[in-house]
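Chemist: Sharing entry-v1.cif here; it has mmCIF, C-alpha atoms and all ligand atoms.
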data_upload
#
loop_
_atom_site.label_atom_id
_atom_site.label_comp_id
_atom_site.auth_asym_id
_atom_site.auth_seq_id
_atom_site.Cartn_x
_atom_site.Cartn_y
_atom_site.Cartn_z
CA MET A 671 86.24 125.89 133.56
CA ASP A 672 84.56 128.19 131.12
CA SER A 673 86.67 129.36 128.29
CA ALA A 674 83.91 131.53 126.88
CA ALA A 675 84.60 135.23 126.67
CA ARG A 676 81.13 136.13 127.95
CA ASN A 677 80.75 137.15 131.56
CA PRO A 678 77.61 135.42 132.86
CA LYS A 679 77.64 137.48 136.05
CA MET A 680 77.33 140.69 134.04
CA ASP A 681 74.65 139.21 131.78
CA LEU A 682 72.69 138.18 134.81
CA ALA A 683 72.90 141.54 136.60
CA ALA A 684 71.30 143.35 133.66
CA ILE A 685 68.44 140.95 133.04
CA PHE A 686 67.90 140.38 136.78
CA ASP A 687 67.48 144.13 137.36
CA ARG A 688 65.01 144.41 134.50
CA ILE A 689 62.83 141.57 135.70
CA SER A 690 63.11 142.61 139.37
CA ALA A 691 61.59 145.99 138.45
CA ILE A 692 58.40 144.33 137.17
CA GLY A 693 55.88 144.35 140.02
CA ALA A 694 58.23 146.20 142.39
CA LYS A 695 56.61 148.89 144.50
CA GLY A 696 58.77 151.15 146.66
CA GLY A 697 60.24 149.19 149.54
CA GLU A 698 57.38 146.73 149.49
CA GLY A 699 59.05 143.98 147.52
CA VAL A 700 57.94 142.43 144.27
CA THR A 701 54.33 141.43 143.62
CA ARG A 702 54.25 139.40 140.43
CA LEU A 703 51.49 136.90 140.93
CA ALA A 704 51.04 134.07 138.46
CA ALA A 705 49.28 135.07 135.23
CA SER A 706 48.96 138.71 136.33
CA ALA A 707 49.73 141.60 133.98
CA GLU A 708 53.13 141.91 135.72
CA ASP A 709 53.84 138.22 135.15
CA GLY A 710 52.97 138.77 131.49
CA VAL A 711 55.57 141.54 131.21
CA ALA A 712 58.25 139.44 132.93
CA ARG A 713 57.48 136.53 130.60
CA ALA A 714 57.85 138.77 127.57
CA ILE A 715 61.21 140.11 128.76
CA PHE A 716 62.44 136.57 129.38
CA ALA A 717 61.24 135.43 125.94
CA ASP A 718 62.90 138.40 124.19
CA TRP A 719 66.16 137.80 126.01
CA MET A 720 66.21 134.12 125.10
CA THR A 721 65.12 134.73 121.50
CA GLN A 722 67.90 137.27 121.02
CA GLY A 723 70.28 134.63 122.33
CA GLY A 724 69.17 132.21 119.62
CA ALA A 725 66.44 130.23 121.40
CA ARG A 726 63.13 129.13 119.89
CA MET A 727 60.26 129.94 122.29
CA ALA A 728 57.30 127.65 122.91
CA HIS A 729 54.68 127.48 125.63
CA ASP A 730 52.18 124.84 126.59
CA ALA A 731 48.49 125.30 127.45
CA ILE A 732 49.19 126.03 131.13
CA GLY A 733 51.67 128.72 130.12
CA ASN A 734 54.96 127.00 130.96
CA GLN A 735 57.56 128.77 128.81
CA PHE A 736 60.30 126.81 127.07
CA ALA A 737 63.33 128.56 125.56
CA CYS A 738 64.52 125.77 123.29
CA PHE A 739 68.04 125.26 122.05
CA ASP A 740 67.68 122.52 119.42
CA TRP A 741 71.37 121.69 119.37
CA ALA A 742 71.13 117.97 118.78
CA GLY A 743 68.15 117.95 116.45
CA GLU A 744 64.76 116.33 116.39
CA GLY A 745 64.55 113.03 118.22
CA ALA A 746 67.51 113.78 120.50
CA PRO A 747 66.85 113.69 124.25
CA TRP A 748 66.21 116.90 126.18
CA ILE A 749 67.66 118.45 129.29
CA PHE A 750 65.60 121.09 131.09
CA ALA A 751 66.84 123.78 133.46
CA GLY A 752 64.78 126.52 135.06
CA SER A 753 62.50 127.62 137.86
CA HIS A 754 59.69 130.20 138.08
CA LEU A 755 59.17 133.93 137.50
CA ASP A 756 56.04 134.33 139.64
CA THR A 757 56.39 135.70 143.18
CA GLN A 758 54.52 135.85 146.44
CA PRO A 759 52.70 139.11 147.26
CA ARG A 760 55.42 141.55 148.43
CA GLY A 761 57.95 138.83 147.77
CA GLY A 762 61.68 138.90 147.17
CA ARG A 763 63.60 139.26 143.93
CA PHE A 764 65.57 136.02 144.04
CA ASP A 765 63.07 133.23 144.70
CA GLY A 766 62.53 131.44 141.39
CA THR A 767 63.61 134.32 139.18
CA LEU A 768 67.28 133.68 139.88
CA GLY A 769 66.90 130.05 138.83
CA VAL A 770 65.28 130.90 135.49
CA LEU A 771 67.82 133.61 134.69
CA ALA A 772 70.83 131.56 135.86
CA ALA A 773 69.71 128.75 133.56
CA GLY A 774 69.30 131.33 130.80
CA CYS A 775 72.86 132.61 131.34
CA ALA A 776 74.22 129.08 131.30
CA ALA A 777 72.32 128.26 128.11
CA LEU A 778 73.58 131.41 126.36
CA ASP A 779 77.16 130.56 127.30
CA LEU A 780 76.76 127.03 125.96
CA GLN A 781 75.06 128.37 122.84
CA ALA A 782 78.09 130.62 122.25
CA GLU A 783 80.41 127.64 122.69
CA THR A 784 78.28 125.62 120.28
CA GLN A 785 78.45 128.34 117.65
CA ALA A 786 82.21 128.67 118.16
CA GLY A 787 82.44 124.96 117.40
CA GLY A 788 84.02 123.98 120.70
CA PHE A 789 81.03 122.17 122.08
CA ARG A 790 78.99 119.46 120.36
CA PRO A 791 75.98 118.57 122.51
CA SER A 792 74.16 115.31 121.98
CA ARG A 793 71.16 116.68 123.88
CA ASN A 794 68.82 119.62 123.35
CA LEU A 795 68.37 122.11 126.16
CA ALA A 796 65.30 124.06 127.25
CA VAL A 797 65.28 126.87 129.80
CA VAL A 798 61.89 126.65 131.49
CA ASN A 799 59.70 129.12 133.39
CA TRP A 800 57.05 127.07 135.20
CA THR A 801 53.62 128.68 135.73
CA ASN A 802 52.34 129.39 139.26
CA GLU A 803 55.03 127.70 141.29
CA GLU A 804 54.23 129.85 144.30
CA GLY A 805 50.59 128.98 144.77
CA ALA A 806 49.90 132.50 146.03
CA ARG A 807 47.17 133.38 143.56
CA TYR A 808 46.06 129.85 142.68
CA GLN A 809 46.23 126.73 144.83
CA PRO A 810 47.72 124.19 144.56
CA SER A 811 51.25 125.48 144.06
CA LEU A 812 53.61 123.87 141.50
CA THR A 813 50.75 124.08 138.98
CA GLY A 814 52.73 124.29 135.74
CA SER A 815 55.23 121.61 136.63
CA GLY A 816 52.37 119.42 137.88
CA VAL A 817 50.55 119.73 134.55
CA PHE A 818 53.70 119.12 132.52
CA SER A 819 54.51 116.00 134.52
CA LYS A 820 50.88 114.85 134.28
CA THR A 821 50.24 114.71 138.01
CA LEU A 822 47.67 117.53 137.66
CA PRO A 823 45.09 117.38 134.82
CA LEU A 824 45.26 120.42 132.52
CA ASP A 825 41.51 121.08 132.69
CA ASP A 826 41.56 121.05 136.50
CA ALA A 827 44.46 123.50 136.51
CA LEU A 828 42.81 125.87 134.02
CA ALA A 829 39.63 125.84 136.13
CA LEU A 830 41.38 126.92 139.37
CA ARG A 831 39.96 130.20 140.66
CA ASP A 832 41.72 133.05 142.43
CA GLY A 833 40.18 135.05 145.28
CA ALA A 834 38.30 137.22 142.78
CA GLY A 835 36.80 134.22 140.98
CA ILE A 836 39.02 134.54 137.88
CA THR A 837 40.07 131.16 136.54
CA LEU A 838 43.69 130.46 135.75
CA GLY A 839 42.61 129.84 132.15
CA GLU A 840 41.00 133.29 131.95
CA ALA A 841 44.01 134.96 133.59
CA LEU A 842 46.41 133.25 131.18
CA ALA A 843 44.28 134.24 128.18
CA ALA A 844 44.38 137.86 129.40
CA ILE A 845 48.18 137.84 129.16
CA GLY A 846 48.13 136.16 125.76
CA VAL A 847 48.43 132.51 126.71
CA ASP A 848 45.41 130.88 125.10
CA GLY A 849 46.44 127.33 124.33
CA GLY A 850 49.93 126.23 123.47
CA THR A 851 52.24 127.82 120.93
CA GLY A 852 55.21 126.29 119.17
CA THR A 853 56.54 122.77 119.58
CA VAL A 854 56.87 122.04 123.27
CA PRO A 855 59.71 119.63 124.05
CA PRO A 856 58.90 116.11 125.27
CA ARG A 857 59.59 114.81 128.77
CA PRO A 858 63.29 115.47 129.38
CA GLU A 859 65.82 112.91 130.50
CA GLY A 860 66.82 115.27 133.27
CA TYR A 861 65.84 118.54 134.94
CA VAL A 862 68.12 120.84 136.92
CA GLU A 863 66.91 123.69 139.11
CA LEU A 864 69.07 126.29 140.85
CA HIS A 865 67.24 127.98 143.71
CA VAL A 866 68.07 130.17 146.68
CA GLU A 867 68.12 128.12 149.87
CA GLN A 868 65.62 130.24 151.85
CA GLY A 869 67.28 129.00 155.02
CA ARG A 870 70.58 129.45 156.88
CA ILE A 871 72.12 125.99 156.61
CA LEU A 872 74.62 126.77 153.83
CA THR A 873 75.83 129.96 155.50
CA GLU A 874 76.23 128.24 158.86
CA ALA A 875 78.18 125.44 157.19
CA GLY A 876 80.35 127.91 155.29
CA ARG A 877 79.40 126.43 151.89
CA ARG A 878 78.37 128.06 148.66
CA ILE A 879 76.65 125.17 146.93
CA GLY A 880 74.04 122.81 148.35
CA ILE A 881 72.89 119.67 146.60
CA VAL A 882 69.44 118.62 147.73
CA GLU A 883 69.09 114.89 148.41
CA GLY A 884 65.44 115.06 149.33
CA THR A 885 62.64 117.17 150.66
CA TRP A 886 60.37 117.17 153.64
CA ALA A 887 56.81 116.00 153.31
CA ALA A 888 54.05 118.58 153.59
CA ARG A 889 50.47 118.19 154.70
CA LYS A 890 48.28 121.12 153.70
CA MET A 891 44.81 121.45 155.15
CA THR A 892 42.12 123.96 154.26
CA ILE A 893 39.61 123.99 157.08
CA ARG A 894 36.30 125.83 157.27
CA TRP A 895 34.12 126.51 160.26
CA MET A 896 30.48 127.19 159.36
CA GLY A 897 28.56 129.36 161.80
CA ARG A 898 25.49 131.50 161.29
CA ALA A 899 25.34 135.14 160.25
CA ALA A 900 23.58 137.31 162.82
CA HIS A 901 23.43 140.95 163.96
CA THR A 902 26.36 141.69 166.28
CA GLY A 903 24.12 143.89 168.42
CA PRO A 904 20.76 142.43 169.42
CA THR A 905 21.43 138.71 168.84
CA PRO A 906 21.51 137.08 172.29
CA MET A 907 24.95 135.71 173.11
CA ALA A 908 23.61 132.21 173.66
CA ASP A 909 22.24 132.15 170.10
CA ARG A 910 25.50 133.02 168.36
CA ARG A 911 27.46 130.56 166.30
CA ASP A 912 30.61 132.48 165.55
CA ALA A 913 32.86 130.94 162.91
CA LEU A 914 35.73 133.37 163.60
CA LEU A 915 35.74 132.40 167.26
CA ALA A 916 35.90 128.75 166.19
CA ALA A 917 38.82 129.47 163.84
CA ALA A 918 40.65 131.38 166.57
CA GLN A 919 40.24 128.47 168.97
CA GLY A 920 41.27 126.05 166.22
CA ILE A 921 44.43 128.01 165.41
CA ALA A 922 45.35 128.32 169.08
CA ALA A 923 44.77 124.59 169.66
CA PHE A 924 46.84 123.72 166.55
CA GLU A 925 49.77 125.74 167.90
CA THR A 926 49.54 124.45 171.48
CA LEU A 927 49.14 120.81 170.53
CA LEU A 928 51.95 120.73 167.97
CA ALA A 929 54.37 122.76 170.09
CA ALA A 930 53.83 120.29 172.93
CA HIS A 931 53.90 116.99 171.05
CA TYR A 932 55.51 117.60 167.63
CA PRO A 933 57.87 120.54 168.17
CA HIS A 934 60.20 119.57 165.31
CA LEU A 935 57.45 119.77 162.69
CA HIS A 936 57.21 123.12 160.93
CA ARG A 937 53.68 124.45 161.29
CA SER A 938 51.70 127.42 160.10
CA ALA A 939 48.25 128.90 159.83
CA ALA A 940 48.96 131.65 157.32
CA ARG A 941 45.76 132.52 155.54
CA LEU A 942 42.31 133.32 156.91
CA VAL A 943 39.21 134.25 154.93
CA ILE A 944 36.11 135.31 156.82
CA GLU A 945 32.67 135.93 155.40
CA PRO A 946 30.78 138.14 155.20
CA ASN A 947 33.56 140.23 156.82
CA SER A 948 31.41 143.07 158.11
CA PRO A 949 31.90 144.64 161.56
CA ASN A 950 28.19 144.18 162.25
CA VAL A 951 27.69 140.57 161.24
CA VAL A 952 28.69 137.57 163.32
CA VAL A 953 31.08 135.63 161.08
CA GLU A 954 29.31 132.87 159.21
CA ARG A 955 32.28 131.20 157.50
CA ALA A 956 35.92 131.18 158.50
CA THR A 957 38.39 129.34 156.29
CA VAL A 958 41.98 128.76 157.40
CA TRP A 959 44.94 127.36 155.48
CA PHE A 960 47.11 125.17 157.72
CA GLU A 961 50.45 123.55 156.88
CA LEU A 962 52.50 120.87 158.59
CA ARG A 963 55.93 119.89 157.30
CA GLY A 964 58.21 117.11 158.43
CA LEU A 965 60.41 114.28 157.23
CA ALA A 966 58.16 111.32 158.02
CA VAL A 967 54.74 110.79 156.48
CA ALA A 968 53.63 108.59 159.39
CA GLU A 969 54.27 111.44 161.79
CA LEU A 970 52.33 113.90 159.63
CA ASP A 971 49.47 111.37 159.66
CA ARG A 972 49.45 111.20 163.45
CA ALA A 973 49.87 114.93 163.95
CA GLY A 974 47.20 115.62 161.33
CA GLN A 975 44.69 113.35 163.06
CA ALA A 976 45.38 115.08 166.37
CA VAL A 977 44.85 118.55 164.96
CA LEU A 978 41.68 117.49 163.13
CA ALA A 979 40.30 116.32 166.49
CA ALA A 980 41.21 119.71 167.97
CA PHE A 981 39.42 121.45 165.08
CA GLU A 982 36.31 119.31 165.76
CA LYS A 983 36.45 120.33 169.40
CA ALA A 984 36.64 124.01 168.43
CA ALA A 985 33.53 123.47 166.30
CA ALA A 986 31.68 121.69 169.10
CA ASP A 987 32.62 124.36 171.65
CA THR A 988 31.32 127.17 169.44
CA GLY A 989 28.23 125.51 167.96
CA THR A 990 29.73 125.65 164.47
CA ARG A 991 30.22 122.92 161.91
CA LEU A 992 33.61 121.76 160.63
CA GLU A 993 34.25 121.24 156.91
CA ILE A 994 37.49 119.85 155.52
CA ILE A 995 37.84 121.68 152.23
CA ALA A 996 41.20 120.14 151.34
CA ASP A 997 43.66 117.82 153.05
CA THR A 998 46.58 116.94 150.81
CA LEU A 999 49.87 115.25 151.43
CA ARG A 1000 52.97 115.98 149.40
CA GLU A 1001 55.24 112.98 149.79
CA PRO A 1002 58.86 113.56 150.65
CA ALA A 1003 60.95 113.37 147.51
CA GLY A 1004 64.31 111.72 147.16
CA MET A 1005 66.13 113.50 144.37
CA ASP A 1006 67.81 111.53 141.58
CA SER A 1007 71.05 109.99 142.85
CA ARG A 1008 72.81 109.98 139.47
CA LEU A 1009 72.05 113.64 138.88
CA MET A 1010 73.13 114.38 142.46
CA ALA A 1011 76.46 112.74 141.69
CA SER A 1012 76.76 114.73 138.47
CA ALA A 1013 75.99 117.95 140.36
CA ASP A 1014 78.51 117.05 143.06
CA ASN A 1015 81.21 116.45 140.44
CA ALA A 1016 80.40 119.66 138.61
CA ALA A 1017 80.59 121.67 141.84
CA ARG A 1018 83.96 120.15 142.74
CA ALA A 1019 85.27 120.76 139.22
CA CYS A 1020 84.49 124.44 139.80
CA GLY A 1021 86.36 124.44 143.10
CA PHE A 1022 83.39 124.24 145.49
CA GLU A 1023 82.82 121.66 148.18
CA PRO A 1024 79.08 121.10 148.05
CA LEU A 1025 76.87 120.35 151.04
CA THR A 1026 74.36 117.53 150.71
CA MET A 1027 71.15 118.73 152.35
CA ARG A 1028 67.38 118.53 152.54
CA SER A 1029 64.86 121.09 151.38
CA VAL A 1030 61.93 121.95 153.61
CA ALA A 1031 60.12 123.79 150.81
CA GLY A 1032 58.70 122.22 147.68
CA HIS A 1033 60.06 123.30 144.31
CA ASP A 1034 59.26 122.49 140.68
CA ALA A 1035 62.18 120.05 140.71
CA VAL A 1036 60.33 118.08 143.37
CA ALA A 1037 57.14 117.89 141.31
CA LEU A 1038 59.09 116.62 138.30
CA GLN A 1039 61.15 114.15 140.34
CA ASN A 1040 58.00 112.77 141.97
CA SER A 1041 56.52 112.18 138.52
CA GLY A 1042 59.54 110.14 137.45
CA ILE A 1043 61.63 112.78 135.65
CA PRO A 1044 65.17 112.56 137.11
CA SER A 1045 65.73 115.95 138.73
CA ALA A 1046 68.41 117.82 140.65
CA LEU A 1047 67.90 120.77 142.97
CA ILE A 1048 70.88 123.01 143.72
CA PHE A 1049 70.87 125.62 146.46
CA ILE A 1050 72.94 128.76 146.89
CA PRO A 1051 72.93 130.76 150.14
CA SER A 1052 70.21 133.18 151.24
CA VAL A 1053 71.47 135.98 153.50
CA ASP A 1054 70.05 135.33 157.01
CA GLY A 1055 67.69 132.77 155.49
CA ILE A 1056 65.20 135.51 154.63
CA ALA A 1057 62.58 134.41 152.08
CA HIS A 1058 59.15 135.55 150.87
CA HIS A 1059 60.13 139.02 152.09
CA PRO A 1060 61.48 142.12 150.29
CA ASP A 1061 64.83 141.76 152.13
CA GLU A 1062 65.56 138.43 150.40
CA LEU A 1063 69.20 138.57 149.23
CA THR A 1064 71.88 136.34 147.77
CA HIS A 1065 75.39 137.81 147.47
CA PRO A 1066 76.68 138.36 143.92
CA ASP A 1067 79.66 136.05 144.55
CA ASP A 1068 77.30 133.24 145.51
CA VAL A 1069 75.18 133.91 142.42
CA ALA A 1070 78.31 133.73 140.27
CA ALA A 1071 79.32 130.46 141.94
CA GLY A 1072 75.89 129.00 141.23
CA ILE A 1073 75.95 130.03 137.56
CA LEU A 1074 79.45 128.66 137.06
CA MET A 1075 78.52 125.34 138.62
CA LEU A 1076 75.19 125.17 136.75
CA THR A 1077 76.88 125.91 133.42
CA THR A 1078 79.43 123.16 134.05
CA LEU A 1079 76.72 120.68 134.97
CA LEU A 1080 74.52 121.52 131.98
CA ARG A 1081 77.49 121.29 129.61
CA ARG A 1082 78.17 117.76 130.82
CA LEU A 1083 74.52 116.72 130.77
CA ALA A 1084 74.10 118.09 127.24
CA GLU A 1085 77.03 115.95 126.24
CA GLY A 1086 75.07 112.96 127.51
CA ASP A 1087 77.39 112.41 130.42
CA SER A 1088 74.96 111.30 133.09
CA HIS A 1089 77.68 110.29 135.54
CA ALA A 1090 80.03 113.13 134.69
CA GLU A 1091 82.86 111.35 136.47
CA ARG A 1092 85.61 113.58 135.26
ZN ZN B 1101 60.72 129.40 144.47
#
How does this structure look as structure tokens?
Modeler:
Amino acid sequence: MDSAARNPKMDLAAIFDRISAIGAKGGEGVTRLAASAEDGVARAIFADWMTQGGARMAHDAIGNQFACFDWAGEGAPWIFAGSHLDTQPRGGRFDGTLGVLAAGCAALDLQAETQAGGFRPSRNLAVVNWTNEEGARYQPSLTGSGVFSKTLPLDDALALRDGAGITLGEALAAIGVDGGTGTVPPRPEGYVELHVEQGRILTEAGRRIGIVEGTWAARKMTIRWMGRAAHTGPTPMADRRDALLAAAQGIAAFETLLAAHYPHLHRSAARLVIEPNSPNVVVERATVWFELRGLAVAELDRAGQAVLAAFEKAAADTGTRLEIIADTLREPAGMDSRLMASADNAARACGFEPLTMRSVAGHDAVALQNSGIPSALIFIPSVDGIAHHPDELTHPDDVAAGILMLTTLLRRLAEGDSHAER
């Protein structure tokens, strides 16, 4: 148990309220898209908070922020803990932000213990804010963690464009991130991420702490139907090649086919861009972002082939042409078993019986784990499972439980206790 006099719950409430106000508009949730002006303000608040707590700030060229506590000196291994401060449009306050700030609270508590002389870490600790986890403004998601773990080339990431044509590099430069600053820590020996569950499993099981053993796979397809622009009035019906009609048929076929044959896969068509988007022009291009999520890659392969055939049929039936703009598979991750055991022990030491579970969503911890950095992902409950919505909520008692458990785990990992069998 913590012997420190500080109250992490109180620390968190103050900083959480400050950051939650950045990008908040009335009852419409928080809009703090990656590398936006709002993101820049949130980053600055986070950096100030950590600096005042004794951290050294550094960021890399993709804007990942590292609040470094160089406890064990140069050459010592590193432990990372964090998440992301960017949000979806009209998103919730807890997704990502809670993980960064909980890690910050834990680090400040451990820093206080270090200064009091009661704690002698053999590892350095960095609290990390990963750039563009959400993938709302720039796709793919998990951009910063992908660049750090070298699964996404830096130049490719900087060249990503948002809907207005602004590159991620330009957007970062506009908020003061133009190349790296400070000494960025090397690949860590472990990464721990606390995140809200965004589902109802923990609540239904009556547990406060979830330890993620693995994630679902995700297949993400960006599909475009190419038609031909024409006047919506005089153009004879037989001459029209309507890309929006093709997309509508494609979306309907996607839903019908998967509901009938793969009902346990999670499916969505959640973004549609039509061009030229005028009431008087038959739609020339319709681009749709589809997602399929499931446990087994082989099943996503089969389901994906079936829906691609349905998309081809929609093109044939409407006289349009199908283009596959992107078709990517995120493999299911198995999280690190030693870190899972450490997390399990830390939770039990704090009096919680953790639930071992799977995550449907991807998180930065998954990107790092898939690149070979041992990673743990810890969930705390989301009220009614609401996520990516202004009503997103995690009860203060559950937040406090998560911070207590995270602090205990990080203390042990910073001591170099990878099994933490105490
Ligand atoms: Zn998140």
Chemist: Find the spatial neighbours of range 872-887 of chain A, counting only C-alpha atoms, within a cut-off of 9 Å - ignore same-chain residues fewer than 3 positions away - and output them as a PDB file with C-alpha atoms, in the coordinates of the input.
Modeler:
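Listed below is the output, selection_38.pdb:
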ATOM      1  CA  GLU A 867      68.120 128.120 149.870  1.00  0.00           C
ATOM      2  CA  GLY A 869      67.280 129.000 155.020  1.00  0.00           C
ATOM      3  CA  LEU A 962      52.500 120.870 158.590  1.00  0.00           C
ATOM      4  CA  ARG A 963      55.930 119.890 157.300  1.00  0.00           C
ATOM      5  CA  GLY A 964      58.210 117.110 158.430  1.00  0.00           C
ATOM      6  CA  LEU A 965      60.410 114.280 157.230  1.00  0.00           C
ATOM      7  CA  ALA A 966      58.160 111.320 158.020  1.00  0.00           C
ATOM      8  CA  VAL A 967      54.740 110.790 156.480  1.00  0.00           C
ATOM      9  CA  LEU A 970      52.330 113.900 159.630  1.00  0.00           C
ATOM     10  CA  LEU A 999      49.870 115.250 151.430  1.00  0.00           C
ATOM     11  CA  ARG A1000      52.970 115.980 149.400  1.00  0.00           C
ATOM     12  CA  GLU A1001      55.240 112.980 149.790  1.00  0.00           C
ATOM     13  CA  PRO A1002      58.860 113.560 150.650  1.00  0.00           C
ATOM     14  CA  ALA A1003      60.950 113.370 147.510  1.00  0.00           C
ATOM     15  CA  GLY A1004      64.310 111.720 147.160  1.00  0.00           C
ATOM     16  CA  MET A1005      66.130 113.500 144.370  1.00  0.00           C
ATOM     17  CA  ASP A1006      67.810 111.530 141.580  1.00  0.00           C
ATOM     18  CA  SER A1007      71.050 109.990 142.850  1.00  0.00           C
ATOM     19  CA  MET A1010      73.130 114.380 142.460  1.00  0.00           C
ATOM     20  CA  ALA A1013      75.990 117.950 140.360  1.00  0.00           C
ATOM     21  CA  ASP A1014      78.510 117.050 143.060  1.00  0.00           C
ATOM     22  CA  ALA A1017      80.590 121.670 141.840  1.00  0.00           C
ATOM     23  CA  PHE A1022      83.390 124.240 145.490  1.00  0.00           C
ATOM     24  CA  GLU A1023      82.820 121.660 148.180  1.00  0.00           C
ATOM     25  CA  PRO A1024      79.080 121.100 148.050  1.00  0.00           C
ATOM     26  CA  LEU A1025      76.870 120.350 151.040  1.00  0.00           C
ATOM     27  CA  THR A1026      74.360 117.530 150.710  1.00  0.00           C
ATOM     28  CA  MET A1027      71.150 118.730 152.350  1.00  0.00           C
ATOM     29  CA  ARG A1028      67.380 118.530 152.540  1.00  0.00           C
ATOM     30  CA  SER A1029      64.860 121.090 151.380  1.00  0.00           C
ATOM     31  CA  VAL A1030      61.930 121.950 153.610  1.00  0.00           C
ATOM     32  CA  ALA A1031      60.120 123.790 150.810  1.00  0.00           C
ATOM     33  CA  GLY A1032      58.700 122.220 147.680  1.00  0.00           C
ATOM     34  CA  VAL A1036      60.330 118.080 143.370  1.00  0.00           C
ATOM     35  CA  ALA A1046      68.410 117.820 140.650  1.00  0.00           C
ATOM     36  CA  LEU A1047      67.900 120.770 142.970  1.00  0.00           C
ATOM     37  CA  ILE A1048      70.880 123.010 143.720  1.00  0.00           C
ATOM     38  CA  PHE A1049      70.870 125.620 146.460  1.00  0.00           C
ATOM     39  CA  ILE A1050      72.940 128.760 146.890  1.00  0.00           C
ATOM     40  CA  PRO A1051      72.930 130.760 150.140  1.00  0.00           C
ATOM     41  CA  SER A1052      70.210 133.180 151.240  1.00  0.00           C
ATOM     42  CA  VAL A1053      71.470 135.980 153.500  1.00  0.00           C
ATOM     43  CA  ASP A1054      70.050 135.330 157.010  1.00  0.00           C
ATOM     44  CA  GLY A1055      67.690 132.770 155.490  1.00  0.00           C
ATOM     45  CA  ASP A1068      77.300 133.240 145.510  1.00  0.00           C
ATOM     46  CA  ALA A1071      79.320 130.460 141.940  1.00  0.00           C
ATOM     47  CA  GLY A1072      75.890 129.000 141.230  1.00  0.00           C
ATOM     48  CA  MET A1075      78.520 125.340 138.620  1.00  0.00           C
TER      49      MET A1075
END
Chemist: So, with only C-alpha atoms and all ligand atoms as the atoms that count, which of A:Asp718, A:Glu863, A:Asp971, A:Asp681 lies closest to ligand ZN 1101 (chain B)?
Modeler: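 Under the stated criterion, the closest residue is A:Glu863.
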Chemist: For a test of reading the model, state the distance in Å between CA of Ala796 in chain A and CA of Ala737 in chain A, rounded to one decimal.
Modeler: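 Going from CA of Ala796 in chain A over to CA of Ala737 in chain A, I get 5.2 Å.
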Chemist: Of the candidates A:Thr926, A:Thr1064, A:Asn947, A:Gln785, which one gets nearest to Gly723 in chain A if we count all atoms listed in the file?
Modeler: A:Gln785
Chemist: Using all atoms listed in the file, what are the residues with an atom within 12 Å of ligand ZN 1101 (chain B), set out as a ChimeraX atom specification?
Modeler: /A:752-758,761-770,799-806,811-812,863-868,1029-1036,1047,1049,1057-1058,1062
Chemist: Output C-alpha atoms of each residue in that selection to a file, as an mmCIF file, keeping the file's coordinate frame.
Modeler:
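The resulting selection-v8.cif:
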data_model
loop_
_atom_site.group_PDB
_atom_site.id
_atom_site.type_symbol
_atom_site.label_atom_id
_atom_site.label_comp_id
_atom_site.auth_asym_id
_atom_site.auth_seq_id
_atom_site.Cartn_x
_atom_site.Cartn_y
_atom_site.Cartn_z
ATOM 1 C CA GLY A 752 64.780 126.520 135.060
ATOM 2 C CA SER A 753 62.500 127.620 137.860
ATOM 3 C CA HIS A 754 59.690 130.200 138.080
ATOM 4 C CA LEU A 755 59.170 133.930 137.500
ATOM 5 C CA ASP A 756 56.040 134.330 139.640
ATOM 6 C CA THR A 757 56.390 135.700 143.180
ATOM 7 C CA GLN A 758 54.520 135.850 146.440
ATOM 8 C CA GLY A 761 57.950 138.830 147.770
ATOM 9 C CA GLY A 762 61.680 138.900 147.170
ATOM 10 C CA ARG A 763 63.600 139.260 143.930
ATOM 11 C CA PHE A 764 65.570 136.020 144.040
ATOM 12 C CA ASP A 765 63.070 133.230 144.700
ATOM 13 C CA GLY A 766 62.530 131.440 141.390
ATOM 14 C CA THR A 767 63.610 134.320 139.180
ATOM 15 C CA LEU A 768 67.280 133.680 139.880
ATOM 16 C CA GLY A 769 66.900 130.050 138.830
ATOM 17 C CA VAL A 770 65.280 130.900 135.490
ATOM 18 C CA ASN A 799 59.700 129.120 133.390
ATOM 19 C CA TRP A 800 57.050 127.070 135.200
ATOM 20 C CA THR A 801 53.620 128.680 135.730
ATOM 21 C CA ASN A 802 52.340 129.390 139.260
ATOM 22 C CA GLU A 803 55.030 127.700 141.290
ATOM 23 C CA GLU A 804 54.230 129.850 144.300
ATOM 24 C CA GLY A 805 50.590 128.980 144.770
ATOM 25 C CA ALA A 806 49.900 132.500 146.030
ATOM 26 C CA SER A 811 51.250 125.480 144.060
ATOM 27 C CA LEU A 812 53.610 123.870 141.500
ATOM 28 C CA GLU A 863 66.910 123.690 139.110
ATOM 29 C CA LEU A 864 69.070 126.290 140.850
ATOM 30 C CA HIS A 865 67.240 127.980 143.710
ATOM 31 C CA VAL A 866 68.070 130.170 146.680
ATOM 32 C CA GLU A 867 68.120 128.120 149.870
ATOM 33 C CA GLN A 868 65.620 130.240 151.850
ATOM 34 C CA SER A 1029 64.860 121.090 151.380
ATOM 35 C CA VAL A 1030 61.930 121.950 153.610
ATOM 36 C CA ALA A 1031 60.120 123.790 150.810
ATOM 37 C CA GLY A 1032 58.700 122.220 147.680
ATOM 38 C CA HIS A 1033 60.060 123.300 144.310
ATOM 39 C CA ASP A 1034 59.260 122.490 140.680
ATOM 40 C CA ALA A 1035 62.180 120.050 140.710
ATOM 41 C CA VAL A 1036 60.330 118.080 143.370
ATOM 42 C CA LEU A 1047 67.900 120.770 142.970
ATOM 43 C CA PHE A 1049 70.870 125.620 146.460
ATOM 44 C CA ALA A 1057 62.580 134.410 152.080
ATOM 45 C CA HIS A 1058 59.150 135.550 150.870
ATOM 46 C CA GLU A 1062 65.560 138.430 150.400
#
